[in-house]
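To be precise, the following lines are start_8.txt, and they hold compact mmCIF, C-alpha atoms and all ligand atoms.
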# COMPACT_ATOMS: atom_id res chain seq x y z
CA MET A 1 7.69 19.84 -2.83
CA SER A 2 9.28 20.63 0.53
CA THR A 3 12.67 22.31 0.64
CA HIS A 4 13.61 20.08 3.61
CA PRO A 5 15.74 17.02 2.87
CA PRO A 6 13.51 14.07 2.03
CA ALA A 7 12.55 11.71 4.86
CA VAL A 8 13.03 8.80 2.48
CA ALA A 9 15.10 8.74 -0.69
CA ALA A 10 15.54 5.44 -2.49
CA ARG A 11 17.43 5.41 -5.77
CA ASP A 12 17.55 2.72 -8.44
CA LEU A 13 16.98 -0.21 -6.11
CA VAL A 14 17.45 -3.62 -7.70
CA LYS A 15 16.68 -6.82 -5.80
CA THR A 16 16.73 -10.33 -7.18
CA TYR A 17 15.52 -13.27 -5.11
CA PRO A 18 16.77 -16.83 -5.63
CA GLY A 19 15.26 -18.30 -8.77
CA GLU A 20 16.00 -15.14 -10.77
CA ILE A 21 12.90 -13.40 -9.39
CA LYS A 22 13.51 -9.72 -10.03
CA ALA A 23 11.43 -8.15 -7.26
CA LEU A 24 12.86 -4.64 -7.81
CA ASP A 25 14.10 -3.35 -11.13
CA GLY A 26 15.21 0.24 -10.66
CA MET A 27 12.85 1.32 -7.89
CA SER A 28 13.16 4.99 -6.85
CA VAL A 29 11.03 6.82 -4.28
CA THR A 30 11.32 10.21 -2.57
CA VAL A 31 9.13 11.07 0.41
CA ALA A 32 8.93 14.60 1.84
CA PRO A 33 8.92 14.90 5.64
CA GLY A 34 5.55 15.08 7.38
CA THR A 35 3.65 13.62 4.45
CA VAL A 36 1.81 10.39 3.71
CA PHE A 37 3.26 8.67 0.67
CA GLY A 38 1.50 5.69 -0.87
CA LEU A 39 3.22 2.88 -2.72
CA LEU A 40 0.36 1.47 -4.75
CA GLY A 41 0.59 -1.68 -6.78
CA PRO A 42 -0.85 -5.13 -7.27
CA ASN A 43 0.34 -8.24 -5.43
CA GLY A 44 3.94 -9.00 -6.28
CA ALA A 45 4.72 -5.50 -7.65
CA GLY A 46 7.62 -5.06 -5.23
CA LYS A 47 6.11 -2.87 -2.50
CA SER A 48 7.05 -5.10 0.45
CA THR A 49 10.55 -5.66 -0.88
CA THR A 50 11.02 -1.90 -1.09
CA VAL A 51 9.82 -1.52 2.50
CA LYS A 52 12.11 -4.34 3.67
CA ILE A 53 15.11 -2.57 2.17
CA LEU A 54 14.13 0.82 3.60
CA THR A 55 13.59 -0.73 7.03
CA THR A 56 16.97 -2.53 6.83
CA LEU A 57 15.43 -6.02 6.82
CA ALA A 58 16.81 -6.78 3.35
CA ARG A 59 19.71 -5.53 1.25
CA PRO A 60 19.40 -4.56 -2.40
CA ASP A 61 21.73 -5.94 -5.08
CA SER A 62 22.37 -2.31 -6.03
CA GLY A 63 21.02 1.17 -5.47
CA SER A 64 20.92 3.47 -2.46
CA ALA A 65 18.48 4.20 0.35
CA LEU A 66 18.45 7.17 2.70
CA VAL A 67 15.93 7.08 5.56
CA ALA A 68 15.48 9.85 8.15
CA GLY A 69 18.83 11.23 7.05
CA HIS A 70 20.72 7.95 7.49
CA ASP A 71 22.14 5.59 4.90
CA ALA A 72 20.14 2.37 5.29
CA LEU A 73 22.95 0.27 3.85
CA ARG A 74 25.87 1.77 5.79
CA HIS A 75 24.15 2.67 9.06
CA PRO A 76 21.17 0.35 9.46
CA ASP A 77 21.31 0.71 13.27
CA ARG A 78 20.70 4.46 13.02
CA VAL A 79 17.82 3.93 10.62
CA ARG A 80 16.21 1.35 12.93
CA ARG A 81 16.13 3.83 15.80
CA ALA A 82 14.49 6.50 13.65
CA ILE A 83 11.71 4.38 12.15
CA GLY A 84 8.62 2.48 13.19
CA VAL A 85 7.47 -0.52 11.22
CA VAL A 86 4.03 -2.07 11.02
CA ALA A 87 4.48 -5.22 8.96
CA GLN A 88 1.75 -7.06 7.09
CA ARG A 89 1.85 -9.81 9.69
CA SER A 90 1.32 -8.72 13.26
CA GLY A 91 4.37 -8.81 15.53
CA ALA A 92 2.24 -8.72 18.70
CA ASP A 93 2.44 -11.61 21.15
CA PRO A 94 -1.11 -13.04 21.26
CA VAL A 95 -0.74 -14.54 24.74
CA ALA A 96 0.42 -11.25 26.27
CA THR A 97 -1.90 -8.27 26.90
CA GLY A 98 -1.87 -5.17 24.74
CA ARG A 99 -0.21 -3.25 27.56
CA GLU A 100 2.49 -5.92 28.00
CA ASN A 101 3.22 -5.86 24.27
CA LEU A 102 3.67 -2.10 24.34
CA LEU A 103 5.89 -2.24 27.42
CA LEU A 104 8.06 -4.93 25.85
CA GLN A 105 8.37 -2.90 22.67
CA GLY A 106 9.46 0.11 24.75
CA HIS A 107 12.06 -2.03 26.54
CA LEU A 108 13.44 -3.14 23.17
CA TYR A 109 14.14 0.52 22.46
CA GLY A 110 15.71 1.12 25.86
CA MET A 111 12.72 2.95 27.36
CA ARG A 112 12.06 2.46 31.09
CA GLY A 113 10.10 3.64 34.14
CA ALA A 114 7.47 6.35 34.34
CA ALA A 115 8.25 7.76 30.89
CA LEU A 116 7.50 4.40 29.29
CA THR A 117 4.33 3.85 31.35
CA ARG A 118 3.10 7.31 30.35
CA ARG A 119 3.81 6.60 26.70
CA VAL A 120 1.99 3.25 26.85
CA ASP A 121 -1.07 4.82 28.51
CA GLU A 122 -1.05 7.60 25.92
CA LEU A 123 -0.97 5.11 23.05
CA LEU A 124 -3.65 2.84 24.55
CA ASP A 125 -5.86 5.90 24.90
CA ARG A 126 -5.10 7.22 21.46
CA PHE A 127 -5.89 3.91 19.77
CA ALA A 128 -9.05 3.31 21.84
CA LEU A 129 -7.49 0.32 23.59
CA SER A 130 -7.48 1.60 27.19
CA ASP A 131 -10.29 -0.74 28.25
CA ALA A 132 -8.74 -3.70 26.43
CA GLY A 133 -5.18 -2.94 27.55
CA ARG A 134 -5.16 -5.67 30.20
CA ARG A 135 -6.74 -8.30 27.96
CA LYS A 136 -4.74 -10.86 26.01
CA VAL A 137 -4.24 -9.85 22.39
CA SER A 138 -5.70 -13.20 21.27
CA THR A 139 -9.12 -11.87 22.40
CA TYR A 140 -8.87 -8.72 20.24
CA SER A 141 -10.89 -8.15 17.05
CA GLY A 142 -8.97 -7.68 13.79
CA GLY A 143 -9.38 -3.90 14.01
CA MET A 144 -8.15 -3.77 17.63
CA GLN A 145 -5.17 -5.94 16.77
CA ARG A 146 -4.24 -3.71 13.83
CA ARG A 147 -4.54 -0.59 16.01
CA LEU A 148 -2.22 -2.24 18.53
CA ASP A 149 0.22 -3.02 15.69
CA VAL A 150 0.34 0.67 14.77
CA ALA A 151 0.73 1.67 18.44
CA LEU A 152 3.65 -0.78 18.71
CA GLY A 153 5.33 0.95 15.80
CA LEU A 154 5.01 4.33 17.53
CA VAL A 155 6.20 3.58 21.09
CA HIS A 156 9.68 5.07 20.59
CA ARG A 157 8.38 8.15 18.73
CA PRO A 158 9.86 7.41 15.31
CA ASP A 159 10.34 10.05 12.62
CA VAL A 160 9.20 7.79 9.82
CA LEU A 161 6.49 5.14 10.07
CA PHE A 162 6.23 2.31 7.55
CA LEU A 163 2.79 0.79 7.22
CA ASP A 164 2.70 -2.32 5.06
CA GLU A 165 -0.88 -2.96 3.91
CA PRO A 166 -2.38 -1.38 7.04
CA THR A 167 -6.00 -2.33 6.40
CA THR A 168 -5.79 -5.68 4.62
CA GLY A 169 -8.31 -8.05 6.19
CA LEU A 170 -10.20 -5.35 8.13
CA ASP A 171 -13.94 -4.87 7.80
CA PRO A 172 -15.11 -1.56 6.26
CA GLU A 173 -15.78 0.09 9.64
CA ALA A 174 -12.36 -0.80 11.01
CA ARG A 175 -10.74 0.38 7.78
CA THR A 176 -12.42 3.76 8.00
CA ALA A 177 -11.29 4.13 11.63
CA MET A 178 -7.73 3.18 10.67
CA TRP A 179 -7.75 5.70 7.83
CA ALA A 180 -8.79 8.45 10.22
CA GLU A 181 -5.99 7.54 12.61
CA ILE A 182 -3.35 7.45 9.87
CA ALA A 183 -4.47 10.85 8.60
CA ARG A 184 -4.25 12.21 12.15
CA LEU A 185 -0.72 10.84 12.68
CA ALA A 186 0.58 12.74 9.67
CA GLY A 187 -1.57 15.84 10.17
CA ASP A 188 -1.30 16.49 13.91
CA ASP A 189 1.94 14.70 14.76
CA GLY A 190 3.94 15.62 11.66
CA LEU A 191 5.01 12.02 11.21
CA THR A 192 6.25 10.90 7.80
CA ILE A 193 4.30 7.83 6.72
CA LEU A 194 5.14 5.50 3.88
CA LEU A 195 2.28 3.12 3.33
CA THR A 196 1.96 0.28 0.88
CA THR A 197 -1.42 -0.77 -0.34
CA HIS A 198 -3.12 -2.61 -3.12
CA TYR A 199 -6.36 -0.77 -2.45
CA LEU A 200 -6.83 2.06 -4.92
CA ASP A 201 -9.31 3.88 -2.72
CA GLU A 202 -6.99 3.70 0.28
CA ALA A 203 -4.17 5.39 -1.62
CA ASP A 204 -6.55 7.94 -3.10
CA ARG A 205 -7.97 8.81 0.30
CA LEU A 206 -4.83 8.88 2.44
CA ALA A 207 -1.75 9.69 0.46
CA GLY A 208 -0.60 13.20 -0.44
CA ARG A 209 1.53 11.59 -3.14
CA ILE A 210 1.38 8.20 -4.75
CA ALA A 211 3.86 6.09 -6.65
CA ILE A 212 2.25 3.44 -8.80
CA VAL A 213 4.51 0.40 -8.75
CA ASP A 214 4.47 -2.28 -11.41
CA ARG A 215 6.99 -5.07 -11.90
CA GLY A 216 9.54 -3.65 -9.50
CA ARG A 217 9.59 -0.03 -10.59
CA VAL A 218 7.59 3.17 -10.37
CA VAL A 219 5.52 3.69 -13.49
CA ALA A 220 3.79 6.93 -12.38
CA GLU A 221 4.08 9.33 -9.49
CA GLY A 222 2.27 12.40 -8.24
CA THR A 223 -0.66 13.56 -6.14
CA PRO A 224 -3.79 11.46 -6.68
CA GLU A 225 -5.50 14.50 -8.18
CA ALA A 226 -2.62 15.28 -10.55
CA LEU A 227 -2.39 11.67 -11.69
CA LYS A 228 -6.09 11.56 -12.40
CA GLY A 229 -5.99 15.08 -13.88
CA GLU A 230 -3.42 13.96 -16.46
CA LEU A 231 -6.12 11.81 -17.95
CA HIS A 232 -8.23 14.43 -19.68
CA GLY A 233 -11.89 13.82 -20.34
CA ASP A 234 -14.06 10.97 -19.08
CA ALA A 235 -13.59 7.26 -18.71
CA VAL A 236 -16.12 5.27 -20.72
CA HIS A 237 -16.53 1.62 -19.79
CA VAL A 238 -18.63 -0.79 -21.79
CA GLU A 239 -19.39 -4.29 -20.63
CA LEU A 240 -20.24 -6.76 -23.38
CA ARG A 241 -22.49 -9.77 -22.92
CA ASP A 242 -19.76 -12.06 -24.28
CA ALA A 243 -16.00 -11.73 -24.53
CA PRO A 244 -14.95 -11.36 -28.19
CA ASP A 245 -12.24 -13.57 -29.65
CA PRO A 246 -8.90 -11.78 -30.30
CA VAL A 247 -9.69 -10.93 -33.96
CA ASP A 248 -13.12 -9.51 -33.10
CA ALA A 249 -11.59 -7.63 -30.18
CA GLN A 250 -9.32 -5.79 -32.62
CA LEU A 251 -12.29 -4.99 -34.88
CA LEU A 252 -14.28 -3.64 -31.92
CA ARG A 253 -11.35 -1.55 -30.81
CA ALA A 254 -10.96 -0.04 -34.27
CA ALA A 255 -14.71 0.59 -34.54
CA VAL A 256 -14.86 2.47 -31.22
CA GLU A 257 -11.77 4.50 -32.08
CA THR A 258 -13.31 5.88 -35.29
CA PHE A 259 -15.33 8.43 -33.32
CA ALA A 260 -13.42 11.73 -32.94
CA GLY A 261 -12.58 12.48 -29.32
CA VAL A 262 -12.42 8.80 -28.29
CA ARG A 263 -8.95 7.38 -27.65
CA GLU A 264 -6.93 4.89 -25.59
CA VAL A 265 -9.41 2.12 -26.32
CA GLU A 266 -8.62 -1.16 -24.54
CA VAL A 267 -10.53 -4.42 -24.90
CA ASP A 268 -10.03 -6.66 -21.91
CA GLY A 269 -12.26 -9.74 -21.89
CA ARG A 270 -15.86 -8.53 -21.85
CA ARG A 271 -14.81 -5.02 -20.86
CA ILE A 272 -14.04 -2.15 -23.24
CA SER A 273 -12.47 0.97 -21.74
CA ALA A 274 -11.86 4.24 -23.52
CA ARG A 275 -11.16 7.87 -22.79
CA ALA A 276 -13.47 10.47 -24.32
CA ASP A 277 -13.25 14.27 -24.37
CA ASP A 278 -16.98 14.32 -23.66
CA GLY A 279 -18.14 10.95 -22.27
CA PRO A 280 -21.92 11.44 -22.43
CA ALA A 281 -21.68 12.72 -26.03
CA ALA A 282 -19.51 9.78 -27.05
CA VAL A 283 -21.74 7.02 -25.64
CA PRO A 284 -24.38 6.91 -28.45
CA HIS A 285 -21.64 6.79 -31.09
CA VAL A 286 -19.73 4.08 -29.24
CA LEU A 287 -22.89 1.98 -28.83
CA ALA A 288 -23.81 2.43 -32.51
CA ALA A 289 -20.30 1.37 -33.56
CA LEU A 290 -20.48 -1.74 -31.39
CA GLU A 291 -23.94 -2.60 -32.70
CA ARG A 292 -22.67 -2.35 -36.30
CA GLU A 293 -20.01 -4.91 -35.37
CA GLY A 294 -22.67 -7.20 -33.87
CA ALA A 295 -21.46 -6.88 -30.25
CA ALA A 296 -24.19 -7.13 -27.59
CA VAL A 297 -23.76 -4.57 -24.82
CA ALA A 298 -24.68 -5.42 -21.19
CA ALA A 299 -23.84 -2.10 -19.50
CA VAL A 300 -22.21 1.29 -20.10
CA THR A 301 -20.76 3.70 -17.54
CA VAL A 302 -19.22 7.15 -17.86
CA ALA A 303 -17.04 8.37 -15.01
CA ARG A 304 -14.34 10.84 -14.11
CA PRO A 305 -10.92 9.16 -14.30
CA SER A 306 -10.05 6.96 -11.32
CA LEU A 307 -6.69 5.67 -10.12
CA ASP A 308 -7.63 2.42 -11.86
CA ASP A 309 -7.64 4.35 -15.14
CA VAL A 310 -4.26 5.86 -14.22
CA TYR A 311 -2.92 2.38 -13.55
CA LEU A 312 -4.29 1.09 -16.85
CA ARG A 313 -2.63 3.93 -18.71
CA TYR A 314 0.81 3.43 -17.17
CA ALA A 315 0.89 -0.32 -16.61
CA GLY A 316 -1.06 -1.27 -19.72
CA ARG A 317 -3.52 -3.51 -17.83
CA ARG A 318 -6.25 -3.18 -15.27
CA PHE A 319 -5.32 -3.16 -11.61
CA ALA A 320 -7.61 -6.07 -10.66
CA GLU A 321 -6.16 -8.17 -13.48
CA ALA A 322 -2.60 -7.47 -12.29
CA ASP A 323 -3.68 -8.13 -8.70
CA GLY A 324 -4.44 -11.73 -9.56
CA GLY A 325 -8.17 -11.12 -9.72
CA ALA A 326 -8.29 -9.67 -6.22
CA GLU A 327 -11.06 -7.19 -5.75
CA ALA A 328 -8.88 -4.14 -6.08
CA GLY A 329 -10.08 -0.94 -4.58
CA ARG A 330 -12.53 -2.62 -2.25
CA GLY A 331 -12.27 -3.30 1.44
CA GLY A 332 -12.45 -6.58 3.26
CA GLY A 333 -10.09 -8.50 1.02
CA ALA A 334 -8.69 -11.77 2.30
CA ASP A 335 -5.32 -11.79 3.94
CA PRO A 336 -2.50 -12.53 1.53
CA GLU A 337 -0.61 -15.79 1.77
CA PRO A 338 1.66 -16.02 4.80
CA ARG A 339 5.24 -14.99 4.12
CA GLN A 340 7.82 -17.73 4.21
CA ASP A 341 10.80 -15.49 4.81
CA ALA A 342 12.16 -14.41 8.15
CA ASP A 343 11.87 -10.73 7.27
CA ALA A 344 8.58 -10.37 9.13
CA ARG A 345 10.57 -9.39 12.19
CA SER A 346 10.01 -5.85 13.32
CA ALA A 347 12.80 -3.32 13.04
CA ALA A 348 12.90 -3.29 16.83
CA GLU A 349 13.92 -6.93 16.88
CA ALA A 350 16.59 -6.33 14.32
CA ALA A 351 17.76 -3.26 16.21
CA THR A 352 18.17 -5.03 19.49
CA GLY A 353 18.95 -8.60 18.49
CA SER A 354 15.87 -9.72 20.43
CA ALA A 355 14.31 -11.42 17.47
CA ALA A 356 14.09 -14.82 19.13
CA SER A 357 11.69 -13.62 21.78
CA ARG A 358 9.37 -12.08 19.22
CA THR A 359 9.51 -14.31 16.16
CA SER A 360 7.56 -17.00 17.99
CA ALA A 361 4.75 -14.48 18.35
CA ALA A 362 5.10 -13.35 14.75
CA ALA A 363 4.94 -16.96 13.58
CA THR A 364 1.50 -17.52 15.11
CA PRO A 365 -0.49 -14.44 14.13
CA GLY A 366 -3.41 -16.63 13.09
CA ASP A 367 -4.23 -17.10 16.78
CA ALA A 368 -4.80 -13.43 17.19
CA ARG A 369 -6.75 -12.69 14.05
N1 LIG B 1 11.61 -13.98 0.21
C1 LIG B 1 11.31 -14.09 -1.08
N2 LIG B 1 11.84 -15.08 -1.82
C2 LIG B 1 11.56 -15.19 -3.14
N3 LIG B 1 10.75 -14.35 -3.82
C3 LIG B 1 10.19 -13.36 -3.13
C4 LIG B 1 10.44 -13.17 -1.73
N4 LIG B 1 9.74 -12.08 -1.33
C5 LIG B 1 9.09 -11.61 -2.43
N5 LIG B 1 9.36 -12.37 -3.51
C6 LIG B 1 8.87 -12.15 -4.89
O1 LIG B 1 9.28 -10.85 -5.28
C7 LIG B 1 8.25 -10.20 -6.01
C8 LIG B 1 7.87 -8.91 -5.31
O2 LIG B 1 7.24 -9.25 -4.06
P1 LIG B 1 6.78 -8.19 -2.97
O3 LIG B 1 6.31 -8.95 -1.78
O4 LIG B 1 7.82 -7.17 -2.79
O5 LIG B 1 5.54 -7.52 -3.72
P2 LIG B 1 4.34 -6.69 -3.11
O6 LIG B 1 4.06 -5.63 -4.10
O7 LIG B 1 4.64 -6.27 -1.74
O8 LIG B 1 3.16 -7.73 -3.10
P3 LIG B 1 2.10 -8.03 -1.92
O9 LIG B 1 1.05 -6.98 -2.06
O10 LIG B 1 1.61 -9.39 -2.29
O11 LIG B 1 2.83 -8.00 -0.62
C9 LIG B 1 7.12 -11.21 -6.14
O12 LIG B 1 7.29 -11.88 -7.36
C10 LIG B 1 7.35 -12.13 -4.97
O13 LIG B 1 6.82 -13.42 -5.24
Re-express the file's structure as structure tokens.
Amino acid sequence: MSTHPPAVAARDLVKTYPGEIKALDGMSVTVAPGTVFGLLGPNGAGKSTTVKILTTLARPDSGSALVAGHDALRHPDRVRRAIGVVAQRSGADPVATGRENLLLQGHLYGMRGAALTRRVDELLDRFALSDAGRRKVSTYSGGMQRRLDVALGLVHRPDVLFLDEPTTGLDPEARTAMWAEIARLAGDDGLTILLTTHYLDEADRLAGRIAIVDRGRVVAEGTPEALKGELHGDAVHVELRDAPDPVDAQLLRAAVETFAGVREVEVDGRRISARADDGPAAVPHVLAALEREGAAVAAVTVARPSLDDVYLRYAGRRFAEADGGAEAGRGGGADPEPRQDADARSAAEAATGSAASRTSAAATPGDAR
């Protein structure tokens, strides 16, 4: 861990929405400067609410939040000047060009003249939008639009960049390009990046450290390698032809567990997961045990532990199950439901009171997608 003060330090955040929805229940996160930190969790885990509090767009019921050295609750204005925010929903105006959007964003932060023009050109170039800079954003592809969103968050050279689900809805090629750009921002530019994602592979690939969030709190934290390394041995997954009833599921679980070196057996529908000291050696014994119980096996895999296994261990259920059946860990997922709250404003709007001019754009992102 760095000896520098953290770029982000959230402690014991609690946030309850109307209807007694406890979105955060003791959320704590510490992000070292110049690193990429991933908040990983299924839909509804509390990632966006955490980001809203850290970006001063929402207030917690209790807890504290320090961002770029400023208290987000006492000095939100200072925090807003030090951060860039790329929300899930694009804040770009679809009827303006990419260049106009960037210029407007610069104006919101008090930037003017040649310095602003230079910065806009630099960002258009960096995000491969120079040729498209004078085209309306409504003509952009999803990948181009998302690159513009990130560029918008960077105009005023923030210290900390918040990326909320940066690749949701992008095709695999655009995702890979976005990953490369995010890695470059942290590596070459020394930017601190806090990204939220419900893609396991995205967190694994990009983040130096990960916090796995479940039901409003962090259930595990560390480097992806350390988290996976804590799970000794191999992951053994068996897919049955039919899902057992609850009583049979318990019998199967007990049968698989009888083999020495096999532990943490979970039966989840048709899927049986276990950890084994030596996966390949365990497979024949596991299959024999299942056959004795009369369970028909469709497939067996042995793999090194994945972040999905880490999630299962700490949250007690599979990621995809918690994610409402979404295809966790895979690209090209559908966009989540549109947000109904007004918090989709960018921090720039909040900082300058210019929300009215931009919320109309934020309210019609479908045009630009
Ligand atoms: N404005 C709101 N009003 C009421 N409930 C809300 C509001 N925003 C979020 N919630 C609820 O709070 C919980 C946490 O939501 P949050 O958006 O923080 O989760 P998330 O991990 O970011 O999920 P997603 O990946 O879907 O964005 C969920 O149960 C959600 O339905």
What residues of the protein or nucleic acid chains come within 7 Å of ligand LIG 1 (chain B) when you use only C-alpha atoms and all ligand atoms? Reply as a PDB file with C-alpha atoms, in the coordinates of the input.
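Generated file (out.pdb):
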ATOM      1  CA  TYR A  17      15.520 -13.270  -5.110  1.00  0.00           C
ATOM      2  CA  PRO A  18      16.770 -16.830  -5.630  1.00  0.00           C
ATOM      3  CA  ILE A  21      12.900 -13.400  -9.390  1.00  0.00           C
ATOM      4  CA  LYS A  22      13.510  -9.720 -10.030  1.00  0.00           C
ATOM      5  CA  ALA A  23      11.430  -8.150  -7.260  1.00  0.00           C
ATOM      6  CA  GLY A  41       0.590  -1.680  -6.780  1.00  0.00           C
ATOM      7  CA  PRO A  42      -0.850  -5.130  -7.270  1.00  0.00           C
ATOM      8  CA  ASN A  43       0.340  -8.240  -5.430  1.00  0.00           C
ATOM      9  CA  GLY A  44       3.940  -9.000  -6.280  1.00  0.00           C
ATOM     10  CA  ALA A  45       4.720  -5.500  -7.650  1.00  0.00           C
ATOM     11  CA  GLY A  46       7.620  -5.060  -5.230  1.00  0.00           C
ATOM     12  CA  LYS A  47       6.110  -2.870  -2.500  1.00  0.00           C
ATOM     13  CA  SER A  48       7.050  -5.100   0.450  1.00  0.00           C
ATOM     14  CA  THR A  49      10.550  -5.660  -0.880  1.00  0.00           C
ATOM     15  CA  THR A  50      11.020  -1.900  -1.090  1.00  0.00           C
ATOM     16  CA  THR A 197      -1.420  -0.770  -0.340  1.00  0.00           C
ATOM     17  CA  HIS A 198      -3.120  -2.610  -3.120  1.00  0.00           C
ATOM     18  CA  GLY A 216       9.540  -3.650  -9.500  1.00  0.00           C
ATOM     19  CA  PRO A 336      -2.500 -12.530   1.530  1.00  0.00           C
ATOM     20  CA  GLN A 340       7.820 -17.730   4.210  1.00  0.00           C
ATOM     21  CA  ASP A 341      10.800 -15.490   4.810  1.00  0.00           C
TER      22      ASP A 341
END
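If you look at CA of Leu185 in chain A and CA of Tyr199 in chain A, they are 19.9 Å away from each other.
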I'd like a table as CSV: residues in range 192-239 of chain A with an atom no more than 12 Å from range 9-14 of chain A, each row giving the shortest atom pair and its distance in Å to one decimal, all atoms listed in the file counted, sorted by chain and rising residue number.
residue,atom,partner,partner_atom,distance
A:Leu194,CA,A:Ala9,CA,11.4
A:Arg215,CA,A:Val14,CA,11.4
A:Gly216,CA,A:Val14,CA,8.1
A:Arg217,CA,A:Leu13,CA,8.6
A:Val218,CA,A:Asp12,CA,10.2
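Minimum distance to Val86 in chain A across A:Ser130, A:Thr223, A:Thr196, A:Ser62 (counting only C-alpha atoms) occurs at A:Thr196.
Nearest to Ala211 in chain A of all the residues A:Ala186, A:Ala254, A:Ala114, A:Val29 is A:Val29, counting all atoms listed in the file.
Here CA of Asp121 in chain A and CA of Tyr140 in chain A stand 17.7 Å from one another.
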(request) Go through A:His70, A:Arg135, A:His237, A:Arg253 one by one, measure the shortest atom-to-atom distance of each to Arg275 in chain A using only C-alpha atoms, and give the residue with the smallest value. (result) A:His237
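Among the candidate residues A:His75, A:Lys228, A:Arg205, A:Arg241, the one lying nearest to Ser306 in chain A is A:Lys228, with distances computed using all atoms listed in the file.
Residues in contact with Leu102 in chain A at 10 Å, where all atoms listed in the file are counted and same-chain residues fewer than 3 positions away are skipped, are listed as Ala92, Ala96, Thr97, Gly98, Arg99, Gln105, Gly106, His107, Leu108, Leu116, Thr117, Arg119, Val120, Asp121, Leu123, Leu124, Gly133, Leu148, Asp149, Ala151, Leu152, Gly153, Leu154 and Val155 of chain A.
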(request) Write out as a ChimeraX atom specification each polymer residue whose atoms come within 12 Å of Pro284 in chain A, counting all atoms listed in the file; drop sequence neighbours fewer than 2 positions from it. (result) /A:236,238,256,259,278-282,286-291,300-302
(message) With distances taken over only C-alpha atoms, which residue among A:Ala65, A:Val262, A:Val85, A:Val137 lies nearest Gly233 in chain A?
(response) A:Val262
(request) Find, counting only C-alpha atoms, the residue in A:Gln88, A:Asn101, A:Gln145, A:Thr35 that gets nearest to Gly187 in chain A. (result) A:Thr35
(request) Rounded to one decimal place, report the CA of Met111 in chain A-CA of Pro166 in chain A distance in Å. (result) 25.7 Å
(message) Could you list, as a PyMOL selection string, every residue within 9 Å of Leu231 in chain A, counting all atoms listed in the file and ignoring same-chain residues fewer than 3 positions away?
(response) chain A and resi 226-228+234-235+275+305+309-310+313
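Here the selection is built from all atoms listed in the file, and the residues within 8 Å of (-17.3, -3.8, -24.6) turn out to be His237, Val238, Glu239, Leu240, Leu252, Val267, Arg270, Arg271, Ile272, Ser273, Leu290, Ala295 and Val297 of chain A.
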(request) For Asp189 in chain A, work out the shell of residues within 12 Å, counting all atoms listed in the file and skipping chain neighbours fewer than 6 positions away, then give it as a list in words. (result) Pro33, Gly34, Thr35, Val36, Leu154, Arg157, Pro158, Asp159, Val160, Leu161, Glu181, Ile182 and Ala183 of chain A
